[in-house]
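Raw my_file-v6.cif, mmCIF, C-alpha atoms:
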```cif
data_input
loop_
_atom_site.label_atom_id
_atom_site.label_comp_id
_atom_site.auth_asym_id
_atom_site.auth_seq_id
_atom_site.Cartn_x
_atom_site.Cartn_y
_atom_site.Cartn_z
CA MET K 37 15.54 -3.19 37.51
CA THR K 38 15.21 -6.76 38.73
CA THR K 39 17.87 -9.42 38.33
CA GLU K 40 15.68 -11.28 35.82
CA ALA K 41 15.52 -8.33 33.45
CA PRO K 42 19.33 -7.93 32.97
CA ALA K 43 19.70 -11.69 32.56
CA ALA K 44 17.05 -11.80 29.84
CA SER K 45 18.55 -8.74 28.16
CA PHE K 46 22.00 -10.35 28.30
CA LEU K 47 20.79 -13.55 26.62
CA LEU K 48 18.85 -11.61 24.01
CA LEU K 49 21.87 -9.44 23.29
CA LEU K 50 24.17 -12.42 22.94
CA GLY K 51 21.80 -14.12 20.50
CA LEU K 52 21.27 -10.99 18.40
CA GLY K 53 25.00 -10.28 18.24
CA PHE K 54 25.70 -13.82 17.10
CA PHE K 55 22.91 -13.66 14.48
CA PHE K 56 24.09 -10.29 13.16
CA GLY K 57 27.72 -11.43 13.04
CA LEU K 58 26.81 -14.65 11.27
CA ALA K 59 24.92 -12.75 8.56
CA PHE K 60 27.75 -10.22 8.21
CA GLU K 61 30.43 -12.87 7.90
CA GLU K 62 28.46 -15.00 5.45
CA PHE K 63 27.74 -11.98 3.26
CA ASN K 64 31.41 -11.04 3.05
CA ALA K 65 32.40 -14.67 2.43
CA GLN K 66 30.09 -14.84 -0.60
CA SER K 67 31.59 -11.66 -2.00
CA GLN K 68 35.12 -12.93 -1.22
CA GLN K 69 35.95 -9.92 0.94
CA ALA K 70 37.75 -9.69 4.27
CA ARG K 71 36.14 -7.09 6.52
CA PRO K 72 36.45 -6.41 10.28
CA GLY K 73 33.54 -7.91 12.15
CA GLY K 74 31.78 -11.23 12.21
CA VAL K 75 30.38 -14.04 14.26
CA ARG K 76 32.85 -13.46 17.14
CA SER K 77 33.41 -9.70 16.91
CA PHE K 78 29.77 -8.59 16.87
CA PRO K 79 28.70 -10.43 20.06
CA LEU K 80 31.78 -9.01 21.82
CA LEU K 81 31.03 -5.52 20.53
CA ALA K 82 27.44 -5.83 21.72
CA LEU K 83 28.54 -7.04 25.16
CA SER K 84 31.12 -4.25 25.40
CA GLY K 85 28.49 -1.63 24.63
CA ALA K 86 26.15 -3.14 27.23
CA LEU K 87 28.79 -3.30 29.98
CA LEU K 88 30.03 0.22 29.33
CA TYR K 89 26.45 1.49 29.39
CA ARG K 90 25.81 -0.27 32.72
CA LEU K 91 28.87 1.39 34.28
CA ASP K 92 27.27 4.83 34.02
CA THR K 93 23.61 4.93 33.03
CA ALA K 94 23.23 8.56 34.07
CA HIS K 95 25.91 10.41 32.06
CA LEU K 96 26.85 7.67 29.56
CA LEU K 97 30.52 8.66 29.64
CA PRO K 98 32.01 5.12 29.38
CA VAL K 99 29.77 4.04 26.50
CA THR K 100 30.48 7.32 24.69
CA ALA K 101 34.22 6.84 25.14
CA GLY K 102 33.92 3.30 23.79
CA LEU K 103 32.05 4.58 20.75
CA LEU K 104 34.78 7.13 20.08
CA VAL K 105 37.47 4.44 20.34
CA LEU K 106 35.57 2.22 17.92
CA GLY K 107 35.06 5.14 15.55
CA GLY K 108 38.76 5.99 15.67
CA TRP K 109 39.78 2.43 14.90
CA LEU K 110 37.34 2.24 11.96
CA SER K 111 38.67 5.55 10.67
CA LEU K 112 42.22 4.18 10.65
CA TYR K 113 41.00 1.07 8.85
CA TYR K 114 39.27 3.14 6.17
CA TRP K 115 42.28 5.43 5.77
CA ARG K 116 44.43 2.36 5.15
CA HIS K 117 42.11 0.73 2.59
CA ILE K 118 40.28 3.66 1.00
CA ALA K 119 42.38 3.57 -2.18
CA GLU K 120 41.77 -0.14 -2.90
CA THR K 121 39.69 -1.14 -5.91
CA ASP K 122 38.08 -4.39 -7.00
CA PRO K 123 38.98 -6.24 -10.25
CA GLU K 124 36.43 -4.05 -12.10
CA GLY K 125 38.12 -0.85 -10.94
CA GLN K 126 35.36 0.10 -8.47
CA PRO K 127 36.06 1.22 -4.87
CA ASN K 128 36.53 -1.87 -2.76
CA ILE K 129 35.27 -0.45 0.51
CA GLY K 130 32.04 1.17 1.58
CA LEU K 131 30.30 2.42 4.69
CA MET K 132 28.39 -0.80 5.42
CA THR K 133 31.28 -2.28 7.42
CA ALA K 134 31.57 0.76 9.67
CA ILE K 135 27.81 1.06 10.10
CA CYS K 136 27.43 -2.62 11.00
CA ASN K 137 30.24 -2.48 13.57
CA VAL K 138 28.80 0.66 15.21
CA LEU K 139 25.31 -0.85 15.19
CA ALA K 140 26.59 -4.06 16.81
CA TYR K 141 28.16 -1.94 19.55
CA LEU K 142 24.95 0.04 20.11
CA LEU K 143 22.85 -3.10 20.41
CA GLY K 144 24.06 -3.31 24.00
CA PRO K 145 22.51 -0.03 25.22
CA ILE K 146 19.42 -0.70 23.09
CA ALA K 147 18.85 -4.15 24.63
CA PHE K 148 19.09 -2.75 28.18
CA THR K 149 16.99 0.38 27.69
CA GLU K 150 14.33 -0.46 25.11
CA PRO K 151 11.71 -3.21 24.85
CA PRO K 152 12.93 -6.48 23.29
CA TRP K 153 11.15 -5.76 19.99
CA ALA K 154 13.35 -2.69 19.42
CA ALA K 155 16.65 -4.62 19.53
CA ILE K 156 15.18 -7.51 17.54
CA GLY K 157 13.69 -5.16 14.94
CA VAL K 158 16.92 -3.21 14.50
CA THR K 159 18.94 -6.40 14.06
CA VAL K 160 16.53 -8.01 11.61
CA VAL K 161 16.26 -4.85 9.49
CA ALA K 162 20.05 -4.51 9.43
CA VAL K 163 20.48 -8.12 8.31
CA LEU K 164 17.84 -7.79 5.61
CA LEU K 165 19.39 -4.61 4.24
CA LEU K 166 22.85 -6.18 4.34
CA THR K 167 21.93 -9.40 2.57
CA ALA K 168 19.59 -7.80 0.01
CA ARG K 169 22.28 -5.59 -1.49
CA GLU K 170 22.10 -6.99 -5.02
CA LYS K 171 18.31 -6.88 -5.15
CA LEU K 172 18.20 -3.36 -3.78
CA HIS K 173 20.85 -2.13 -6.22
CA GLY K 174 19.01 -3.85 -9.06
CA PHE K 175 15.77 -2.18 -8.03
CA ALA K 176 17.49 1.21 -7.83
CA ARG K 177 18.93 0.75 -11.33
CA GLN K 178 15.55 0.01 -12.87
CA LEU K 179 13.76 2.77 -10.96
CA GLU K 180 13.08 5.83 -13.06
CA VAL K 181 13.78 9.33 -11.80
CA SER K 182 10.12 10.18 -12.27
CA GLU K 183 9.20 7.53 -9.68
CA ILE K 184 11.43 9.20 -7.10
CA VAL K 185 9.75 12.52 -7.88
CA THR K 186 6.38 10.81 -7.46
CA ALA K 187 7.37 9.44 -4.06
CA GLY K 188 8.31 13.00 -3.11
CA LYS K 189 4.86 14.18 -4.21
CA PHE K 190 3.28 11.53 -2.02
CA LEU K 191 5.28 12.72 0.99
CA ILE K 192 4.23 16.30 0.25
CA LEU K 193 0.56 15.33 -0.02
CA THR K 194 0.59 13.38 3.24
CA GLY K 195 3.21 14.97 5.47
CA LEU K 196 3.36 18.60 4.35
CA VAL K 197 -0.05 19.66 3.03
CA LEU K 198 -2.39 17.62 5.22
CA PRO K 199 -1.18 18.77 8.69
CA PHE K 200 -1.59 22.46 7.82
CA LEU K 201 -5.21 22.29 6.64
CA PRO K 202 -7.87 23.40 9.16
CA ASN K 203 -10.15 20.73 10.57
CA GLU K 204 -13.15 23.03 10.98
CA PRO K 205 -15.91 23.67 8.42
CA VAL K 206 -15.34 26.81 6.35
CA THR K 207 -18.94 27.06 5.10
CA THR K 208 -22.41 26.31 6.41
CA LEU K 209 -23.30 24.49 3.19
CA THR K 210 -21.47 21.33 4.27
CA ALA K 211 -19.98 19.89 7.43
CA ILE K 212 -16.81 18.65 5.75
CA THR K 213 -13.54 20.42 6.52
CA PRO K 214 -10.51 21.13 4.29
CA HIS K 215 -8.62 18.54 6.33
CA GLN K 216 -11.26 15.91 5.56
CA VAL K 217 -11.25 16.80 1.87
CA TRP K 218 -7.50 16.38 1.56
CA LEU K 219 -7.54 13.30 3.75
CA ALA K 220 -9.98 11.76 1.27
CA VAL K 221 -7.57 12.62 -1.56
CA VAL K 222 -4.69 11.04 0.37
CA ALA K 223 -6.70 7.90 1.15
CA VAL K 224 -7.66 7.24 -2.46
CA CYS K 225 -4.20 8.15 -3.76
CA THR K 226 -2.54 5.85 -1.21
CA VAL K 227 -4.57 2.80 -2.21
CA SER K 228 -4.14 3.57 -5.91
CA TYR K 229 -0.43 4.33 -5.53
CA ALA K 230 0.23 1.08 -3.68
CA SER K 231 -1.57 -0.83 -6.44
CA TYR K 232 0.38 1.08 -9.08
CA LEU K 233 3.74 0.23 -7.50
CA LEU K 234 2.84 -3.43 -7.10
CA GLN K 235 1.61 -3.65 -10.68
CA ARG K 236 4.68 -1.95 -12.09
CA TYR K 237 7.49 -3.44 -10.04
CA VAL K 238 6.22 -6.61 -8.33
CA ALA K 239 3.58 -8.26 -10.51
CA PRO K 240 4.83 -10.63 -13.22
CA ARG K 241 5.63 -8.95 -16.52
CA GLU K 242 3.27 -11.25 -18.39
CA GLY K 243 0.42 -9.65 -16.48
CA GLY K 244 -2.37 -12.19 -16.63
CA LEU K 245 -4.97 -11.90 -13.90
CA TRP K 246 -2.60 -9.77 -11.81
CA THR K 247 -3.71 -6.90 -14.03
CA ALA K 248 -7.28 -7.38 -12.82
CA VAL K 249 -6.43 -7.90 -9.15
CA LEU K 250 -4.21 -4.85 -8.84
CA GLY K 251 -6.34 -2.88 -11.27
CA GLY K 252 -9.36 -3.45 -9.05
CA LEU K 253 -7.49 -1.72 -6.25
CA TYR K 254 -6.42 1.05 -8.61
CA SER K 255 -9.68 1.63 -10.52
CA SER K 256 -12.02 -1.14 -11.58
CA THR K 257 -13.56 1.13 -14.23
CA VAL K 258 -10.23 1.89 -15.90
CA THR K 259 -9.25 -1.77 -15.67
CA THR K 260 -12.53 -2.80 -17.28
CA VAL K 261 -11.90 -0.48 -20.23
CA VAL K 262 -8.34 -1.82 -20.67
CA LEU K 263 -9.42 -5.45 -20.53
CA ALA K 264 -12.46 -4.90 -22.75
CA ARG K 265 -10.25 -3.32 -25.41
CA ARG K 266 -7.88 -6.26 -25.13
CA ALA K 267 -10.74 -8.74 -25.50
CA GLY K 268 -11.95 -6.98 -28.63
CA ALA K 269 -8.50 -6.78 -30.20
CA ALA K 270 -6.76 -10.06 -29.29
CA SER K 271 -8.68 -13.30 -29.72
CA GLY K 272 -6.11 -15.29 -27.74
CA GLN K 273 -6.76 -13.21 -24.61
CA VAL K 274 -10.57 -13.08 -24.70
CA ALA K 275 -11.24 -15.54 -21.88
CA GLN K 276 -8.50 -14.07 -19.73
CA ALA K 277 -9.83 -10.54 -20.24
CA GLN K 278 -13.42 -11.63 -19.57
CA THR K 279 -12.37 -13.24 -16.30
CA GLY K 280 -10.31 -10.19 -15.38
CA ILE K 281 -13.26 -7.82 -15.81
CA ILE K 282 -15.31 -9.75 -13.25
CA LEU K 283 -12.29 -10.16 -10.96
CA ALA K 284 -11.52 -6.44 -10.95
CA THR K 285 -15.06 -5.66 -9.78
CA ALA K 286 -14.79 -8.29 -7.03
CA ILE K 287 -11.63 -6.57 -5.78
CA MET K 288 -13.39 -3.20 -6.08
CA TYR K 289 -15.73 -4.20 -3.24
CA LEU K 290 -12.72 -4.82 -1.00
CA ARG K 291 -11.27 -1.46 -2.01
CA VAL K 292 -14.52 0.29 -1.06
CA LEU K 293 -14.51 -1.48 2.30
CA ILE K 294 -10.92 -0.39 3.00
CA ILE K 295 -11.58 3.23 2.08
CA VAL K 296 -14.80 3.43 4.11
CA GLY K 297 -13.04 1.83 7.06
CA LEU K 298 -10.44 4.61 7.09
CA PHE K 299 -13.16 7.23 7.70
CA ALA K 300 -16.12 5.52 9.35
CA GLN K 301 -15.55 2.22 11.08
CA PRO K 302 -19.22 1.80 12.15
CA LEU K 303 -20.32 2.23 8.51
CA ALA K 304 -17.61 -0.20 7.40
CA LEU K 305 -18.89 -2.78 9.90
CA THR K 306 -22.43 -2.29 8.57
CA LEU K 307 -21.23 -2.74 4.99
CA MET K 308 -18.81 -5.57 5.70
CA PRO K 309 -21.21 -8.54 5.33
CA ALA K 310 -22.63 -7.22 2.05
CA LEU K 311 -19.31 -6.14 0.53
CA LEU K 312 -17.49 -9.32 1.51
CA SER K 313 -20.38 -11.42 0.16
CA LEU K 314 -20.34 -9.50 -3.13
CA ALA K 315 -16.56 -9.83 -3.35
CA ALA K 316 -16.82 -13.57 -2.71
CA ALA K 317 -19.58 -13.86 -5.33
CA GLY K 318 -17.43 -11.98 -7.83
CA LEU K 319 -14.45 -14.20 -7.13
CA GLY K 320 -16.65 -17.25 -7.55
CA LEU K 321 -18.02 -16.04 -10.89
CA ALA K 322 -14.51 -15.21 -12.11
CA ALA K 323 -13.20 -18.63 -11.05
CA LEU K 324 -16.14 -20.37 -12.69
CA TRP K 325 -15.58 -18.62 -16.01
CA TRP K 326 -11.79 -19.07 -15.80
CA PHE K 327 -11.96 -22.84 -15.38
CA THR K 328 -14.82 -23.45 -17.80
CA SER K 329 -13.43 -21.30 -20.63
CA ARG K 330 -9.89 -22.80 -20.43
CA PRO K 331 -8.14 -19.56 -21.46
CA ALA K 332 -4.84 -19.45 -23.27
CA THR K 333 -2.08 -17.71 -21.34
CA GLN K 334 -0.43 -14.91 -23.28
CA ALA K 335 1.72 -11.94 -22.40
CA ALA K 336 -0.14 -8.81 -21.37
CA PRO K 337 0.35 -5.74 -23.53
CA ALA K 338 2.06 -2.64 -22.20
CA ASP K 339 -1.18 -0.78 -21.57
CA ALA K 340 -1.85 -3.05 -18.57
CA ILE K 341 0.24 -0.71 -16.41
CA PRO K 342 -1.87 2.29 -15.33
CA ARG K 343 -0.76 5.86 -15.20
CA ASN K 344 0.72 7.15 -11.99
CA PRO K 345 -2.14 8.24 -9.69
CA LEU K 346 -0.21 10.97 -7.86
CA GLU K 347 -0.35 13.73 -10.45
CA LEU K 348 -1.37 17.04 -8.91
CA ALA K 349 -4.12 17.86 -11.42
CA PRO K 350 -6.11 14.63 -10.84
CA ALA K 351 -5.74 15.10 -7.07
CA LEU K 352 -7.19 18.62 -7.28
CA ILE K 353 -9.99 17.41 -9.57
CA PHE K 354 -10.82 14.65 -7.10
CA ALA K 355 -10.90 17.19 -4.24
CA ALA K 356 -13.26 19.43 -6.24
CA LEU K 357 -15.50 16.44 -7.07
CA PHE K 358 -15.50 15.42 -3.42
CA VAL K 359 -16.73 18.85 -2.34
CA ALA K 360 -19.28 19.05 -5.18
CA VAL K 361 -20.70 15.60 -4.44
CA SER K 362 -20.86 16.40 -0.72
CA LEU K 363 -22.86 19.57 -1.45
CA ALA K 364 -25.13 17.69 -3.87
CA ALA K 365 -25.70 14.89 -1.36
CA SER K 366 -26.56 17.37 1.39
CA TRP K 367 -28.99 19.15 -0.92
CA ALA K 368 -30.60 15.88 -2.04
CA ARG K 369 -30.90 14.74 1.57
CA ASP K 370 -32.55 17.99 2.69
CA ARG K 371 -34.85 18.23 -0.34
CA PHE K 372 -35.88 14.64 -1.02
CA GLY K 373 -34.72 12.68 2.01
CA ALA K 374 -33.25 9.21 1.60
CA THR K 375 -34.78 8.87 -1.86
CA GLY K 376 -32.72 11.83 -3.05
CA VAL K 377 -29.52 10.26 -1.72
CA TYR K 378 -30.32 6.99 -3.52
CA GLY K 379 -30.99 8.88 -6.74
CA LEU K 380 -27.70 10.72 -6.46
CA ALA K 381 -25.93 7.42 -5.75
CA THR K 382 -27.34 6.02 -8.97
CA ILE K 383 -26.14 9.05 -10.95
CA VAL K 384 -22.62 9.22 -9.50
CA GLY K 385 -22.22 5.49 -10.04
CA LEU K 386 -22.15 6.27 -13.75
CA THR K 387 -18.96 8.32 -13.22
CA ASP K 388 -16.57 7.88 -10.27
CA ILE K 389 -17.97 6.48 -7.03
CA ASP K 390 -14.99 7.35 -4.82
CA PRO K 391 -15.99 10.99 -4.12
CA PHE K 392 -19.53 9.91 -3.25
CA VAL K 393 -18.45 6.99 -1.06
CA LEU K 394 -15.96 9.14 0.84
CA SER K 395 -18.52 11.92 1.19
CA ILE K 396 -20.95 9.46 2.79
CA ALA K 397 -18.26 7.95 4.99
CA SER K 398 -16.91 11.29 6.24
CA GLY K 399 -20.33 12.73 7.00
CA GLY K 400 -20.16 15.39 4.31
CA ALA K 401 -23.60 14.41 3.00
CA ALA K 402 -25.24 15.48 6.29
CA PRO K 403 -25.77 12.91 9.03
CA LEU K 404 -27.31 9.75 7.60
CA PRO K 405 -28.49 6.67 9.49
CA GLY K 406 -26.08 3.79 9.08
CA ASN K 407 -28.44 1.63 7.03
CA ILE K 408 -29.28 4.47 4.61
CA ALA K 409 -25.60 5.38 4.17
CA ALA K 410 -24.71 1.73 3.56
CA ALA K 411 -27.52 1.31 1.04
CA ALA K 412 -26.38 4.45 -0.80
CA VAL K 413 -22.84 3.06 -1.10
CA LEU K 414 -24.14 -0.26 -2.43
CA ILE K 415 -26.39 1.49 -4.96
CA ALA K 416 -23.47 3.61 -6.20
CA ALA K 417 -21.31 0.50 -6.62
CA SER K 418 -24.14 -1.31 -8.41
CA SER K 419 -24.71 1.63 -10.75
CA ASN K 420 -21.00 1.63 -11.49
CA ASN K 421 -21.26 -2.06 -12.44
CA VAL K 422 -23.92 -1.17 -15.00
CA LEU K 423 -21.54 1.43 -16.44
CA LYS K 424 -18.74 -1.14 -16.65
CA ALA K 425 -21.03 -3.62 -18.36
CA THR K 426 -21.83 -0.92 -20.92
CA TYR K 427 -18.14 -0.19 -21.45
CA THR K 428 -17.48 -3.91 -21.90
CA ALA K 429 -20.14 -4.21 -24.58
CA GLY K 430 -18.90 -1.08 -26.33
CA PHE K 431 -15.20 -1.98 -26.42
CA ALA K 432 -15.29 -5.78 -26.65
CA GLY K 433 -18.37 -6.29 -28.78
CA PHE K 434 -21.76 -7.65 -27.77
CA ARG K 435 -20.92 -11.31 -28.20
CA THR K 436 -17.63 -11.17 -26.31
CA ALA K 437 -19.18 -9.03 -23.58
CA ILE K 438 -22.03 -11.39 -22.72
CA ALA K 439 -20.19 -13.39 -20.02
CA PRO K 440 -18.57 -10.50 -18.11
CA ALA K 441 -21.61 -8.24 -18.56
CA VAL K 442 -23.90 -10.90 -17.09
CA GLY K 443 -21.50 -11.29 -14.16
CA LEU K 444 -21.42 -7.53 -13.58
CA MET K 445 -25.21 -7.27 -13.75
CA LEU K 446 -25.61 -10.12 -11.28
CA LEU K 447 -23.29 -8.33 -8.86
CA ALA K 448 -25.21 -5.09 -9.44
CA PHE K 449 -28.49 -6.83 -8.67
CA GLY K 450 -26.93 -8.37 -5.56
CA GLY K 451 -25.76 -4.95 -4.38
CA VAL K 452 -29.20 -3.39 -4.85
CA ALA K 453 -30.83 -6.35 -3.09
CA ALA K 454 -28.44 -6.01 -0.15
CA GLY K 455 -29.19 -2.28 0.07
CA TRP K 456 -32.94 -2.91 -0.05
CA TRP K 457 -32.60 -5.52 2.69
CA MET K 458 -30.81 -2.99 4.91
CA VAL K 459 -33.52 -0.31 4.68
CA ARG K 460 -36.65 -2.45 4.33
#
```

Can I see the file as structure tokens?
Amino acid sequence: MTTEAPAASFLLLLGLGFFFGLAFEEFNAQSQQARPGGVRSFPLLALSGALLYRLDTAHLLPVTAGLLVLGGWLSLYYWRHIAETDPEGQPNIGLMTAICNVLAYLLGPIAFTEPPWAAIGVTVVAVLLLTAREKLHGFARQLEVSEIVTAGKFLILTGLVLPFLPNEPVTTLTAITPHQVWLAVVAVCTVSYASYLLQRYVAPREGGLWTAVLGGLYSSTVTTVVLARRAGAASGQVAQAQTGIILATAIMYLRVLIIVGLFAQPLALTLMPALLSLAAAGLGLAALWWFTSRPATQAAPADAIPRNPLELAPALIFAALFVAVSLAASWARDRFGATGVYGLATIVGLTDIDPFVLSIASGGAAPLPGNIAAAAVLIAASSNNVLKATYTAGFAGFRTAIAPAVGLMLLAFGGVAAGWWMVR
């Protein structure tokens, strides 16, 4: 180790200790509590940990002894104050003080052994968790038990089930593997779950166009049905719902691009100009209608929040559809060539395009040239726009549906035109 490296680590450590201590002291001052540690103690603890580590970098005996001494002193402090309560009768001492003091001490070894980003990251995360106590406790209080169970399901789907599935084909009928099938389920569920959490806990309660933006990431078809029903039932929200229907489809193109990019980056690069252009066109149409119709802003009804996308039954249904669509695409490709794939894309666009898009992206529909695969994805999305225009007319009424339906049909025509241009 050169002389410059310890000097830089020393300065970094001193700055991080001061920053951590300043945040710790300010937090306790706001809560009118006196706790060991602060703007002087934490830099000294960090320097002590660093010096003791440097004394014996092989066996770490001095730094371990220092940690034991610090732990013993904190134990005595807790034993002395453990019975104290605040004016509301709650325990007046927690583990945050001990954890922060120990972490300040360990910043020394971290700064001298790890890259600078590790020490900086640890310090920043610790400060954020310390100062966001009220927000985090408020979030925990409003979080339902079912949401915790859902998060557990997500971890099971991604970290427990996926690694154990074989990544080799189990049948000659299709080249997709069980691992690819479940990875497709995880990819769609992840995007939908992130949108669900944002819509439920982050987006404003009055909803507005946030319903369309996040709904487009969740499912533009479901969002279209929700907004079309709202337009047909509430006259004060017609313009807002009409704009949202177009906006959700614009976001849908970005969702397709993200999902394709997770499985086939070359195909995503081929689709990127068309999908980004369609998304921009959709955003332009939505903005045009929003500003020309001068909508009234009203609170969104409760049905704006979608159902949780991580239920086991829908995941299994999606996996079955993914396999079925992959088999159908392979058969159509072998029997009718590219025309068969385009025909299948038109049909599946009238249901759920995700299984078809992921089948194309993962190669489950037999190897397809990039331009044919891209055109098939665009045709499926365009067919889905026709379905959404039909839903809009059915739920909102013909007169109310004219503006969003025209926008959806224009985007559908643009998608077909882009696909034709790719394969001409």

- Hey, can you pull every residue with an atom no more than 8 Å from (-15.6, 11.7, 0.8), using all atoms listed in the file, and send it as a PyMOL selection string? chain K and resi 216-217+220+358-359+362+390-400

- Item | Coordinates-based distance that separates CA of Tyr141 in chain K from CA of Gly157 in chain K (Å, one decimal) | 15.5 Å

- Surrounding residues of Ala432 in chain K excluding itself and chain neighbours under 6 positions, 7 Å, all atoms listed in the file, as an MDAnalysis selection string: chainID K and resid 264:265 267:268

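Proximity ranking of K:Thr260, K:Ser228, K:Ser45, K:Asn420 relative to Pro151 in chain K places K:Ser45 first, based on only C-alpha atoms.
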
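Across K:Leu88, K:Ile287, K:Val158, K:Ile281, the tightest approach to Leu311 in chain K is made by K:Ile287 when counting all atoms listed in the file.
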
- Determine the residue membership of the PyMOL selection byres ((chain K and resi 56) around 12) for the file above and supply it as number ranges by chain. K: 49-55, 57-63, 73-82, 136-137, 139-141, 143, 155-167

In file coordinates, which residues lie within 10 Å of (-19.5, -0.5, 0.9) using only C-alpha atoms, given as a PDB file with C-alpha atoms, in the frame of the given file?
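New file result.pdb:
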```pdb
ATOM      1  CA  MET K 288     -13.390  -3.200  -6.080  1.00  0.00           C
ATOM      2  CA  TYR K 289     -15.730  -4.200  -3.240  1.00  0.00           C
ATOM      3  CA  LEU K 290     -12.720  -4.820  -1.000  1.00  0.00           C
ATOM      4  CA  ARG K 291     -11.270  -1.460  -2.010  1.00  0.00           C
ATOM      5  CA  VAL K 292     -14.520   0.290  -1.060  1.00  0.00           C
ATOM      6  CA  LEU K 293     -14.510  -1.480   2.300  1.00  0.00           C
ATOM      7  CA  ILE K 294     -10.920  -0.390   3.000  1.00  0.00           C
ATOM      8  CA  ILE K 295     -11.580   3.230   2.080  1.00  0.00           C
ATOM      9  CA  VAL K 296     -14.800   3.430   4.110  1.00  0.00           C
ATOM     10  CA  GLY K 297     -13.040   1.830   7.060  1.00  0.00           C
ATOM     11  CA  LEU K 303     -20.320   2.230   8.510  1.00  0.00           C
ATOM     12  CA  ALA K 304     -17.610  -0.200   7.400  1.00  0.00           C
ATOM     13  CA  LEU K 305     -18.890  -2.780   9.900  1.00  0.00           C
ATOM     14  CA  THR K 306     -22.430  -2.290   8.570  1.00  0.00           C
ATOM     15  CA  LEU K 307     -21.230  -2.740   4.990  1.00  0.00           C
ATOM     16  CA  MET K 308     -18.810  -5.570   5.700  1.00  0.00           C
ATOM     17  CA  PRO K 309     -21.210  -8.540   5.330  1.00  0.00           C
ATOM     18  CA  ALA K 310     -22.630  -7.220   2.050  1.00  0.00           C
ATOM     19  CA  LEU K 311     -19.310  -6.140   0.530  1.00  0.00           C
ATOM     20  CA  LEU K 312     -17.490  -9.320   1.510  1.00  0.00           C
ATOM     21  CA  LEU K 314     -20.340  -9.500  -3.130  1.00  0.00           C
ATOM     22  CA  VAL K 393     -18.450   6.990  -1.060  1.00  0.00           C
ATOM     23  CA  ALA K 397     -18.260   7.950   4.990  1.00  0.00           C
ATOM     24  CA  ALA K 409     -25.600   5.380   4.170  1.00  0.00           C
ATOM     25  CA  ALA K 410     -24.710   1.730   3.560  1.00  0.00           C
ATOM     26  CA  ALA K 411     -27.520   1.310   1.040  1.00  0.00           C
ATOM     27  CA  ALA K 412     -26.380   4.450  -0.800  1.00  0.00           C
ATOM     28  CA  VAL K 413     -22.840   3.060  -1.100  1.00  0.00           C
ATOM     29  CA  LEU K 414     -24.140  -0.260  -2.430  1.00  0.00           C
ATOM     30  CA  ILE K 415     -26.390   1.490  -4.960  1.00  0.00           C
ATOM     31  CA  ALA K 416     -23.470   3.610  -6.200  1.00  0.00           C
ATOM     32  CA  ALA K 417     -21.310   0.500  -6.620  1.00  0.00           C
ATOM     33  CA  GLY K 451     -25.760  -4.950  -4.380  1.00  0.00           C
ATOM     34  CA  GLY K 455     -29.190  -2.280   0.070  1.00  0.00           C
TER      35      GLY K 455
END
```

- What is the CA of Glu204 in chain K-CA of Tyr229 in chain K distance in Å, reported with one decimal? 28.0 Å

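Between CA of Pro72 in chain K and CA of Ser111 in chain K there is a distance of 12.2 Å.
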
- Query: Any idea what's packed within 7 Å of Tyr89 in chain K, counting only C-alpha atoms, ignoring anything in its chain fewer than 5 positions away? Could you give it as a PyMOL selection string?
  - Reply: chain K and resi 96+98-99+145

- 7 Å contact set for Val227 in chain K, all atoms listed in the file, chain neighbours under 3 positions out, as a ChimeraX atom specification: /K:223-224,230-231,253-254

Around range 368-378 of chain K, with edges along x, y and z and 3 Å added on all six sides, what centre and edge lengths do you get, in Å to one decimal, as AutoDock Vina command-line options?
```
--center_x -32.7 --center_y 12.6 --center_z -0.4 --size_x 12.4 --size_y 17.2 --size_z 12.2
```

- Query: Which is closest to Pro440 in chain K among K:Thr133, K:Thr279, K:Thr257, K:Thr93, if we use all atoms listed in the file?
  - Reply: K:Thr279

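Closest approach to Leu198 in chain K among K:Thr213, K:Ser84, K:Gln278, K:Thr428: K:Thr213, based on all atoms listed in the file.
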
- Message: From the options K:Ile389, K:Ala364, K:Gly450, K:Val258, which residue's atoms come nearest to Gly376 in chain K, counting only C-alpha atoms?
- Response: K:Ala364

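Distance annotation: of K:Val261, K:Ala322, K:Leu233, K:Val181, the residue with the minimal separation from Gln276 in chain K is K:Ala322; atom set is all atoms listed in the file.
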